[in-house]
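Peer 1: Handing over entry18.txt, compact mmCIF, C-alpha atoms.
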# COMPACT_ATOMS: atom_id res chain seq x y z
CA MET A 18 -87.24 -64.01 -111.87
CA ALA A 19 -85.30 -63.56 -108.62
CA ASP A 20 -85.93 -66.09 -105.86
CA MET A 21 -88.55 -64.49 -103.63
CA HIS A 22 -87.56 -66.79 -100.74
CA ALA A 23 -83.92 -65.68 -100.74
CA PRO A 24 -82.71 -63.82 -97.60
CA ARG A 25 -83.33 -60.09 -97.86
CA SER A 26 -80.86 -57.44 -96.77
CA LEU A 27 -79.76 -53.96 -97.67
CA ARG A 28 -77.35 -55.46 -100.18
CA PRO A 29 -78.36 -56.13 -103.80
CA LEU A 30 -79.74 -59.60 -104.35
CA GLU A 31 -77.03 -62.16 -104.96
CA VAL A 32 -79.35 -64.97 -106.02
CA LEU A 33 -79.58 -64.67 -109.76
CA GLN A 34 -82.33 -65.96 -111.95
CA SER A 35 -81.68 -69.22 -113.83
CA MET A 36 -82.07 -67.47 -117.18
CA THR A 37 -80.68 -64.03 -117.90
CA LEU A 38 -83.37 -61.38 -117.79
CA THR A 39 -83.87 -59.33 -120.95
CA ALA A 40 -85.14 -55.77 -120.63
CA ALA A 41 -85.97 -53.16 -123.23
CA THR A 42 -86.03 -49.40 -123.32
CA HIS A 43 -86.06 -46.89 -126.15
CA SER A 44 -83.03 -46.22 -128.33
CA GLY A 45 -81.48 -42.84 -129.11
CA PRO A 46 -81.39 -39.87 -126.71
CA PHE A 47 -82.02 -40.68 -123.06
CA HIS A 48 -82.97 -38.97 -119.81
CA ALA A 49 -82.48 -39.42 -116.09
CA ASP A 50 -85.57 -41.59 -115.61
CA ASP A 51 -84.68 -44.38 -118.03
CA VAL A 52 -81.06 -44.30 -116.82
CA LEU A 53 -82.12 -44.56 -113.18
CA ALA A 54 -84.76 -47.22 -113.91
CA TRP A 55 -82.18 -49.58 -115.42
CA ALA A 56 -79.70 -48.84 -112.62
CA LEU A 57 -82.35 -49.79 -110.03
CA ILE A 58 -83.13 -53.02 -111.89
CA LYS A 59 -79.45 -53.94 -112.09
CA VAL A 60 -78.70 -53.17 -108.45
CA PHE A 61 -81.73 -54.79 -106.85
CA HIS A 62 -83.21 -57.29 -109.30
CA ALA A 63 -81.02 -58.53 -112.14
CA PRO A 64 -77.29 -57.75 -111.84
CA ASP A 65 -76.54 -59.71 -115.01
CA GLY A 66 -79.60 -58.56 -116.94
CA GLN A 67 -79.28 -57.72 -120.61
CA LEU A 68 -80.76 -54.54 -122.05
CA VAL A 69 -81.97 -53.89 -125.59
CA ARG A 70 -82.34 -50.26 -126.59
CA THR A 71 -84.90 -50.28 -129.38
CA ARG A 72 -88.19 -48.98 -130.68
CA ASP A 73 -88.96 -52.19 -132.58
CA PRO A 74 -92.40 -53.39 -131.29
CA ALA A 75 -91.44 -57.04 -131.80
CA GLN A 76 -88.33 -56.75 -129.63
CA ILE A 77 -90.26 -54.79 -127.01
CA ARG A 78 -92.95 -57.47 -126.83
CA GLN A 79 -90.36 -60.20 -126.30
CA ALA A 80 -88.62 -58.46 -123.38
CA GLU A 81 -89.41 -59.54 -119.83
CA LEU A 82 -89.16 -55.99 -118.53
CA VAL A 83 -89.91 -52.86 -120.55
CA PHE A 84 -89.45 -49.32 -119.26
CA ASP A 85 -89.95 -45.82 -120.68
CA VAL A 86 -91.28 -47.22 -123.92
CA GLY A 87 -94.12 -49.46 -125.11
CA GLY A 88 -97.15 -47.45 -124.04
CA GLN A 89 -98.11 -49.64 -121.06
CA TYR A 90 -98.04 -49.38 -117.30
CA ASP A 91 -98.61 -52.93 -116.10
CA PRO A 92 -96.24 -53.80 -113.24
CA LYS A 93 -97.47 -57.40 -112.94
CA ASN A 94 -96.28 -57.98 -116.48
CA GLY A 95 -93.13 -55.89 -116.20
CA ARG A 96 -94.29 -52.86 -118.20
CA PHE A 97 -93.29 -49.40 -116.96
CA ASP A 98 -94.12 -46.63 -119.40
CA HIS A 99 -95.66 -43.29 -118.43
CA HIS A 100 -96.01 -41.52 -121.78
CA GLN A 101 -99.42 -42.86 -122.83
CA ALA A 102 -102.55 -40.77 -122.26
CA SER A 103 -104.10 -43.54 -120.15
CA TYR A 104 -101.49 -42.94 -117.42
CA GLN A 105 -102.16 -39.77 -115.43
CA GLY A 106 -100.00 -40.44 -112.37
CA PRO A 107 -96.93 -38.57 -111.07
CA LEU A 108 -94.30 -41.26 -111.79
CA SER A 109 -91.72 -41.62 -114.51
CA SER A 110 -90.22 -44.98 -115.41
CA ALA A 111 -87.81 -44.63 -112.48
CA GLY A 112 -90.58 -44.19 -109.92
CA MET A 113 -92.59 -47.01 -111.49
CA VAL A 114 -89.67 -49.42 -111.28
CA LEU A 115 -88.85 -48.45 -107.69
CA GLU A 116 -92.45 -49.02 -106.57
CA TRP A 117 -92.42 -52.43 -108.27
CA LEU A 118 -89.17 -53.41 -106.57
CA MET A 119 -90.51 -52.32 -103.18
CA GLU A 120 -93.74 -54.27 -103.68
CA ARG A 121 -91.69 -57.37 -104.50
CA GLY A 122 -89.65 -56.92 -101.34
CA GLU A 123 -86.42 -56.46 -103.27
CA VAL A 124 -85.97 -52.95 -101.89
CA GLU A 125 -86.52 -52.50 -98.16
CA LEU A 126 -88.92 -49.80 -96.99
CA GLU A 127 -86.16 -47.67 -95.43
CA VAL A 128 -84.00 -47.94 -98.55
CA GLY A 129 -86.92 -47.17 -100.84
CA ALA A 130 -87.92 -44.14 -98.80
CA LYS A 131 -84.38 -42.74 -98.94
CA LEU A 132 -84.08 -43.41 -102.66
CA LYS A 133 -87.39 -41.64 -103.25
CA ALA A 134 -86.46 -38.67 -101.09
CA GLU A 135 -82.94 -38.23 -102.44
CA MET A 136 -83.19 -39.27 -106.11
CA VAL A 137 -86.32 -40.81 -107.56
CA ASP A 138 -89.04 -38.28 -106.70
CA TYR A 139 -86.88 -35.51 -108.14
CA VAL A 140 -86.23 -37.45 -111.35
CA ASP A 141 -89.95 -38.21 -111.67
CA ALA A 142 -90.81 -34.53 -111.22
CA VAL A 143 -88.24 -33.36 -113.77
CA ASP A 144 -89.20 -35.94 -116.38
CA ASN A 145 -92.89 -35.12 -116.04
CA GLY A 146 -92.32 -31.37 -116.26
CA ARG A 147 -93.14 -30.43 -112.68
CA LEU A 148 -89.60 -29.20 -112.02
CA VAL A 149 -86.99 -27.58 -114.24
CA PRO A 150 -83.36 -28.30 -113.24
CA ASP A 151 -81.30 -25.27 -112.36
CA ARG A 152 -78.57 -24.94 -114.98
CA GLY A 153 -76.19 -23.81 -112.27
CA VAL A 154 -76.69 -26.91 -110.13
CA PRO A 155 -75.15 -30.27 -111.22
CA CYS A 156 -78.15 -32.34 -110.11
CA PHE A 157 -78.63 -35.96 -111.19
CA ALA A 158 -80.95 -35.03 -114.07
CA ARG A 159 -78.52 -32.42 -115.38
CA VAL A 160 -75.54 -34.78 -115.11
CA VAL A 161 -77.38 -37.43 -117.15
CA GLU A 162 -78.26 -34.75 -119.71
CA LEU A 163 -74.54 -34.04 -120.10
CA TYR A 164 -73.80 -37.75 -120.63
CA ALA A 165 -76.32 -37.66 -123.48
CA ALA A 166 -74.83 -34.59 -125.13
CA GLY A 167 -72.82 -34.58 -128.36
CA HIS A 168 -73.96 -37.85 -130.00
CA ASP A 169 -75.57 -38.39 -133.40
CA THR A 170 -75.71 -42.16 -133.89
CA HIS A 171 -77.53 -44.97 -132.12
CA GLU A 172 -74.22 -46.62 -131.28
CA ALA A 173 -72.86 -43.46 -129.67
CA PHE A 174 -76.05 -42.95 -127.66
CA ASP A 175 -75.97 -46.59 -126.53
CA ALA A 176 -72.40 -46.30 -125.29
CA ALA A 177 -73.15 -43.04 -123.49
CA TYR A 178 -76.29 -44.52 -121.95
CA HIS A 179 -74.37 -47.38 -120.38
CA ARG A 180 -71.76 -44.97 -119.02
CA ALA A 181 -74.57 -42.95 -117.43
CA VAL A 182 -76.10 -46.12 -115.97
CA ALA A 183 -72.77 -47.06 -114.39
CA MET A 184 -72.72 -43.64 -112.72
CA ALA A 185 -76.32 -44.10 -111.56
CA GLU A 186 -75.56 -47.56 -110.15
CA GLY A 187 -72.79 -46.03 -108.07
CA ALA A 188 -75.18 -43.38 -106.74
CA VAL A 189 -77.84 -45.98 -105.87
CA ARG A 190 -75.30 -48.17 -104.10
CA GLY A 191 -74.11 -45.08 -102.24
CA VAL A 192 -77.61 -44.51 -100.86
CA VAL A 193 -77.70 -48.14 -99.69
CA SER A 194 -74.24 -47.83 -98.13
CA SER A 195 -75.20 -44.65 -96.29
CA ILE A 196 -78.06 -46.46 -94.58
CA GLU A 197 -75.77 -49.33 -93.65
CA GLU A 198 -73.27 -46.84 -92.19
CA VAL A 199 -75.93 -45.27 -90.02
CA ARG A 200 -77.12 -48.65 -88.81
CA ARG A 201 -73.59 -49.68 -87.87
CA ALA A 202 -73.01 -46.42 -86.02
CA ARG A 203 -76.32 -46.25 -84.15
CA SER A 204 -75.54 -48.18 -80.98
CA THR A 205 -72.02 -46.74 -80.66
CA VAL A 206 -73.09 -43.12 -81.07
CA VAL A 207 -76.08 -43.47 -78.75
CA GLN A 208 -73.85 -44.96 -76.05
CA ALA A 209 -71.24 -42.22 -76.52
CA MET A 210 -73.93 -39.56 -76.08
CA LYS A 211 -75.08 -41.25 -72.86
CA ASP A 212 -71.49 -41.52 -71.61
CA ALA A 213 -70.92 -37.79 -72.16
CA GLU A 214 -74.09 -36.86 -70.28
CA GLN A 215 -73.33 -39.21 -67.39
CA ALA A 216 -69.80 -37.79 -67.11
CA GLY A 217 -71.09 -34.22 -67.23
CA ARG A 218 -68.92 -33.64 -70.29
CA ASN A 219 -69.57 -31.46 -73.33
CA VAL A 220 -67.40 -33.65 -75.58
CA ILE A 221 -68.34 -36.95 -77.23
CA PHE A 222 -65.57 -39.46 -77.91
CA LEU A 223 -65.73 -42.14 -80.59
CA ASP A 224 -63.04 -44.79 -81.05
CA GLY A 225 -63.56 -45.17 -84.81
CA TYR A 226 -64.46 -43.18 -87.90
CA GLN A 227 -68.25 -43.36 -88.16
CA LYS A 228 -71.25 -41.67 -89.75
CA TRP A 229 -72.34 -40.03 -86.51
CA LYS A 230 -74.46 -37.07 -87.57
CA PRO A 231 -77.73 -38.82 -88.57
CA VAL A 232 -77.75 -40.82 -85.34
CA TYR A 233 -76.80 -37.84 -83.16
CA TYR A 234 -79.60 -35.60 -84.43
CA ALA A 235 -82.14 -38.43 -84.55
CA GLN A 236 -81.42 -38.95 -80.84
CA GLY A 237 -82.11 -35.31 -79.94
CA GLY A 238 -78.66 -33.94 -80.69
CA ALA A 239 -79.98 -30.42 -81.21
CA GLN A 240 -80.93 -30.34 -77.52
CA HIS A 241 -78.03 -32.48 -76.30
CA PRO A 242 -75.53 -30.64 -74.03
CA THR A 243 -72.49 -31.72 -76.06
CA GLU A 244 -70.67 -29.15 -78.19
CA TYR A 245 -67.75 -31.12 -79.67
CA ILE A 246 -67.08 -34.62 -80.95
CA VAL A 247 -63.62 -36.20 -81.11
CA PHE A 248 -62.84 -39.21 -83.28
CA PRO A 249 -60.06 -40.64 -85.50
CA GLY A 250 -59.89 -39.88 -89.19
CA ILE A 251 -59.25 -42.60 -91.74
CA GLU A 252 -55.67 -41.36 -92.21
CA GLY A 253 -54.79 -41.92 -88.53
CA THR A 254 -55.10 -38.36 -87.25
CA TRP A 255 -57.76 -37.21 -84.77
CA ARG A 256 -60.52 -34.72 -85.49
CA VAL A 257 -62.34 -32.27 -83.28
CA ILE A 258 -65.68 -31.25 -84.77
CA ALA A 259 -67.65 -28.29 -83.42
CA ILE A 260 -71.20 -29.67 -83.49
CA ALA A 261 -73.83 -27.77 -85.45
CA PRO A 262 -77.07 -26.71 -83.71
CA HIS A 263 -79.05 -28.86 -86.14
CA GLU A 264 -78.18 -31.30 -88.93
CA ASP A 265 -78.53 -28.94 -91.89
CA SER A 266 -76.74 -25.98 -90.31
CA PHE A 267 -73.28 -24.64 -91.14
CA ASP A 268 -73.11 -22.89 -87.77
CA GLN A 269 -71.74 -24.38 -84.56
CA LYS A 270 -73.15 -24.64 -81.07
CA ARG A 271 -69.75 -23.35 -79.94
CA PRO A 272 -67.12 -22.59 -82.62
CA LEU A 273 -63.47 -23.43 -82.15
CA PRO A 274 -61.35 -20.45 -81.06
CA GLU A 275 -61.04 -17.56 -83.49
CA SER A 276 -57.27 -17.56 -82.89
CA TRP A 277 -57.06 -21.07 -84.43
CA ALA A 278 -58.90 -20.19 -87.65
CA GLY A 279 -57.07 -21.12 -90.84
CA LEU A 280 -53.81 -22.11 -89.15
CA THR A 281 -51.76 -25.22 -89.89
CA GLY A 282 -48.73 -27.06 -88.54
CA SER A 283 -46.31 -25.15 -86.35
CA SER A 284 -48.40 -21.96 -86.59
CA LEU A 285 -51.39 -23.76 -85.08
CA SER A 286 -49.25 -25.59 -82.49
CA GLU A 287 -47.84 -22.25 -81.34
CA VAL A 288 -51.31 -20.83 -80.80
CA THR A 289 -52.83 -23.93 -79.17
CA GLY A 290 -49.73 -24.61 -77.09
CA VAL A 291 -49.94 -28.27 -78.11
CA GLN A 292 -47.44 -30.09 -80.33
CA GLY A 293 -49.20 -32.18 -82.95
CA SER A 294 -51.80 -29.54 -83.85
CA LEU A 295 -52.16 -29.93 -87.62
CA PHE A 296 -55.01 -27.88 -89.05
CA CYS A 297 -58.02 -25.75 -88.18
CA HIS A 298 -60.56 -24.75 -90.81
CA LYS A 299 -60.99 -21.02 -91.26
CA ASN A 300 -64.70 -21.41 -90.45
CA ARG A 301 -63.76 -23.01 -87.10
CA PHE A 302 -65.86 -26.16 -87.34
CA ILE A 303 -63.03 -28.71 -87.52
CA ALA A 304 -59.50 -29.06 -86.19
CA VAL A 305 -57.12 -31.96 -86.79
CA PHE A 306 -54.46 -33.29 -84.41
CA GLU A 307 -51.83 -36.03 -84.52
CA SER A 308 -53.34 -37.90 -81.57
CA ARG A 309 -56.33 -38.12 -79.28
CA ASP A 310 -54.24 -36.80 -76.40
CA ALA A 311 -53.22 -33.72 -78.41
CA ALA A 312 -56.86 -33.03 -79.31
CA VAL A 313 -57.99 -33.31 -75.69
CA GLU A 314 -55.11 -31.18 -74.42
CA ALA A 315 -55.93 -28.42 -76.90
CA LEU A 316 -59.57 -28.41 -75.84
CA GLU A 317 -58.65 -28.31 -72.15
CA ARG A 318 -55.98 -25.60 -72.50
CA HIS A 319 -58.50 -23.28 -74.19
CA GLY A 320 -61.38 -23.93 -71.83
CA LEU A 321 -63.44 -25.72 -74.45
CA MET A 322 -63.98 -28.93 -72.53
CA TRP A 323 -65.87 -29.08 -69.26
CA ARG A 324 -66.44 -32.17 -67.18
CA GLU A 325 -69.27 -31.00 -65.00
CA ARG A 326 -72.27 -28.83 -65.82
CA ASN A 327 -71.96 -25.32 -64.42
Translate this file's structure into structure tokens.
Peer 2:
Amino acid sequence: MADMHAPRSLRPLEVLQSMTLTAATHSGPFHADDVLAWALIKVFHAPDGQLVRTRDPAQIRQAELVFDVGGQYDPKNGRFDHHQASYQGPLSSAGMVLEWLMERGEVELEVGAKLKAEMVDYVDAVDNGRLVPDRGVPCFARVVELYAAGHDTHEAFDAAYHRAVAMAEGAVRGVVSSIEEVRRARSTVVQAMKDAEQAGRNVIFLDGYQKWKPVYYAQGGAQHPTEYIVFPGIEGTWRVIAIAPHEDSFDQKRPLPESWAGLTGSSLSEVTGVQGSLFCHKNRFIAVFESRDAAVEALERHGLMWRERN
């Protein structure tokens, strides 16, 4: 098993067990819960673990971890099945495995909560029949279903299963990375919000490309007097974002000018009066400029940036 005294972080454990872990799940067709369960085990517990897909009771008994098969829910002994009548809880194998990893301290509380909210609770609900995926929405459960489509041999299902797991690992690591991004951005964004208020300015400036939205709204951004945020894009240009009134809104506290909407290049530069104006989205929530100075000049020329509260 993984070293319980190893340093813990948001990153998957790097201290591997002395012997390769062997896990077992059922063979044949698969679903989102058994795909996600193995992805969670690989990311947080046993990166080099080996999986046997089987329904052979002897092989299942020999495995150190067993999920979505075997008829037992016994976390202390690494058994995570939810199909037997004796289990009446809300979890699928994915939820069972995540709870076990959190109890072991291999998944931090904040990471576990985000995984549950954004992936695992939904997969549990779908697998246990509490939710039916919308055929018009490519949700995680539906995507896994498509990976499983079109196969008629155990070998084909095995190959497709491992492709689906690789996709799921990427999604799990993305959740972890998103938390790390927010943590890195927190102090910078909070300070930039304070700077804007102290300067009596409705524009926030950031010096680097950062995941600013979660921090901004967690710090009262909906009530904050700022209306725009200016920061560099990863390609070297500078962005002006019209801030939404709340995190899940597609509206803006104050949209960019209607005259800018949908324009690019020289057409936008002519309207803004600023060389280096590159693009404005037709919905007026983002504009892109060659430089920070060009972005600021465009805001000032059109009365979008004030420096003192009126």
Peer 1: Check the smallest atom-to-atom distance from each of A:Arg190, A:Lys230, A:Lys133, A:His319 to Phe61 in chain A using only C-alpha atoms, then report the winner.
Peer 2: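 Selected residue with least distance to Phe61 in chain A: A:Arg190.
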Peer 1: Find, counting all atoms listed in the file, the residue in A:Leu316, A:Ala183, A:Glu123, A:Asp141 that gets nearest to Val220 in chain A.
Peer 2: A:Leu316
Peer 1: Would you kindly return, as a list in words, each protein, DNA or RNA residue with an atom no farther than 9 Å from any atom of Arg301 in chain A, considering all atoms listed in the file and excluding same-chain residues fewer than 4 positions away?
Peer 2: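 In the requested form, the answer reads Ile258, Ala259, Gln269, Pro272, Leu273, Pro274, Glu275, Trp277, Ala278, Gly279 and Cys297 of chain A.
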Peer 1: From the options A:Glu162, A:Gly191, A:Asp73, A:His62, which residue's atoms come nearest to Arg121 in chain A, counting all atoms listed in the file?
Peer 2: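 Of all the options, A:His62 lies closest to Arg121 in chain A.
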Peer 1: So which one's closest to Gln76 in chain A, A:Ala312, A:Met184, A:Asp51, A:Thr42? Using all atoms listed in the file, please.
Peer 2: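 Looking at the shortest contact to Gln76 in chain A, the residue is A:Thr42.
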Peer 1: Given the choices A:Lys59, A:Arg200, A:His241, A:Arg256, which gets closest to Phe222 in chain A if the distance is worked out from all atoms listed in the file?
Peer 2: A:Arg256
Peer 1: Let me make sure I understand: among A:Asp50, A:Glu307, A:Asp224, A:Glu264, which one has the smallest atom-to-atom distance to Ala142 in chain A if we use only C-alpha atoms?
Peer 2: A:Asp50
Peer 1: Show me the residues close to (-98.4, -44.3, -126.1) - anything with an atom within 6 Å, counting only C-alpha atoms - and format the list as a list of chain:residue names.
Peer 2: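 Those residues lying close to the given coordinates are A:Gly88, A:His100, A:Gln101.
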Peer 1: Excluding Val114 in chain A and residues on its chain fewer than 3 positions from it, collect all residues at most 10 Å away from it, counting all atoms listed in the file, and give them as a PyMOL selection string.
Peer 2: chain A and resi 50-51+53-55+57-58+82-84+92+95-98+108-111+117-120+137
Peer 1: Write out the residues from the selection above, keeping C-alpha atoms, as a PDB file, in the coordinates of the input.
Peer 2:
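This is the output file part-v5.pdb:
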ATOM      1  CA  ASP A  50     -85.570 -41.590-115.610  1.00  0.00           C
ATOM      2  CA  ASP A  51     -84.680 -44.380-118.030  1.00  0.00           C
ATOM      3  CA  LEU A  53     -82.120 -44.560-113.180  1.00  0.00           C
ATOM      4  CA  ALA A  54     -84.760 -47.220-113.910  1.00  0.00           C
ATOM      5  CA  TRP A  55     -82.180 -49.580-115.420  1.00  0.00           C
ATOM      6  CA  LEU A  57     -82.350 -49.790-110.030  1.00  0.00           C
ATOM      7  CA  ILE A  58     -83.130 -53.020-111.890  1.00  0.00           C
ATOM      8  CA  LEU A  82     -89.160 -55.990-118.530  1.00  0.00           C
ATOM      9  CA  VAL A  83     -89.910 -52.860-120.550  1.00  0.00           C
ATOM     10  CA  PHE A  84     -89.450 -49.320-119.260  1.00  0.00           C
ATOM     11  CA  PRO A  92     -96.240 -53.800-113.240  1.00  0.00           C
ATOM     12  CA  GLY A  95     -93.130 -55.890-116.200  1.00  0.00           C
ATOM     13  CA  ARG A  96     -94.290 -52.860-118.200  1.00  0.00           C
ATOM     14  CA  PHE A  97     -93.290 -49.400-116.960  1.00  0.00           C
ATOM     15  CA  ASP A  98     -94.120 -46.630-119.400  1.00  0.00           C
ATOM     16  CA  LEU A 108     -94.300 -41.260-111.790  1.00  0.00           C
ATOM     17  CA  SER A 109     -91.720 -41.620-114.510  1.00  0.00           C
ATOM     18  CA  SER A 110     -90.220 -44.980-115.410  1.00  0.00           C
ATOM     19  CA  ALA A 111     -87.810 -44.630-112.480  1.00  0.00           C
ATOM     20  CA  TRP A 117     -92.420 -52.430-108.270  1.00  0.00           C
ATOM     21  CA  LEU A 118     -89.170 -53.410-106.570  1.00  0.00           C
ATOM     22  CA  MET A 119     -90.510 -52.320-103.180  1.00  0.00           C
ATOM     23  CA  GLU A 120     -93.740 -54.270-103.680  1.00  0.00           C
ATOM     24  CA  VAL A 137     -86.320 -40.810-107.560  1.00  0.00           C
TER      25      VAL A 137
END
Peer 1: Give me, please, the distance in Å between CA of Ala158 in chain A and CA of Ala49 in chain A, quoted to one decimal.
Peer 2: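 Interatomic distance here is 5.1 Å.
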Peer 1: Report the distance between CA of Gly187 in chain A and CA of Ala56 in chain A in Å, rounded to one decimal place.
Peer 2: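 Distance between the two atoms: 8.7 Å.
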Peer 1: Give me the residues within 9 Å of Leu68 in chain A as number ranges by chain, counting all atoms listed in the file and dropping any in the same chain fewer than 4 places off.
Peer 2: A: 38-42, 55, 80
Peer 1: What's the separation between CA of His263 in chain A and CA of Pro150 in chain A, in Å to one decimal place?
Peer 2: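 CA of Pro150 in chain A lies at a distance of 27.4 Å from CA of His263 in chain A.
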Peer 1: Take the point (-76.6, -46.5, -85.1) as written in the file and pick out every residue within 9 Å of it, counting only C-alpha atoms; give the list as a list in words.
Peer 2: Glu198, Val199, Arg200, Arg201, Ala202, Arg203, Ser204, Thr205, Val206, Val207, Lys228, Trp229, Pro231, Val232 and Tyr233 of chain A
Peer 1: Just the residues within 9 Å of Thr170 in chain A, please, counting all atoms listed in the file, with nothing from its chain fewer than 4 positions along; format it as a list in words.
Peer 2: Gly45, Phe174 and Asp175 of chain A
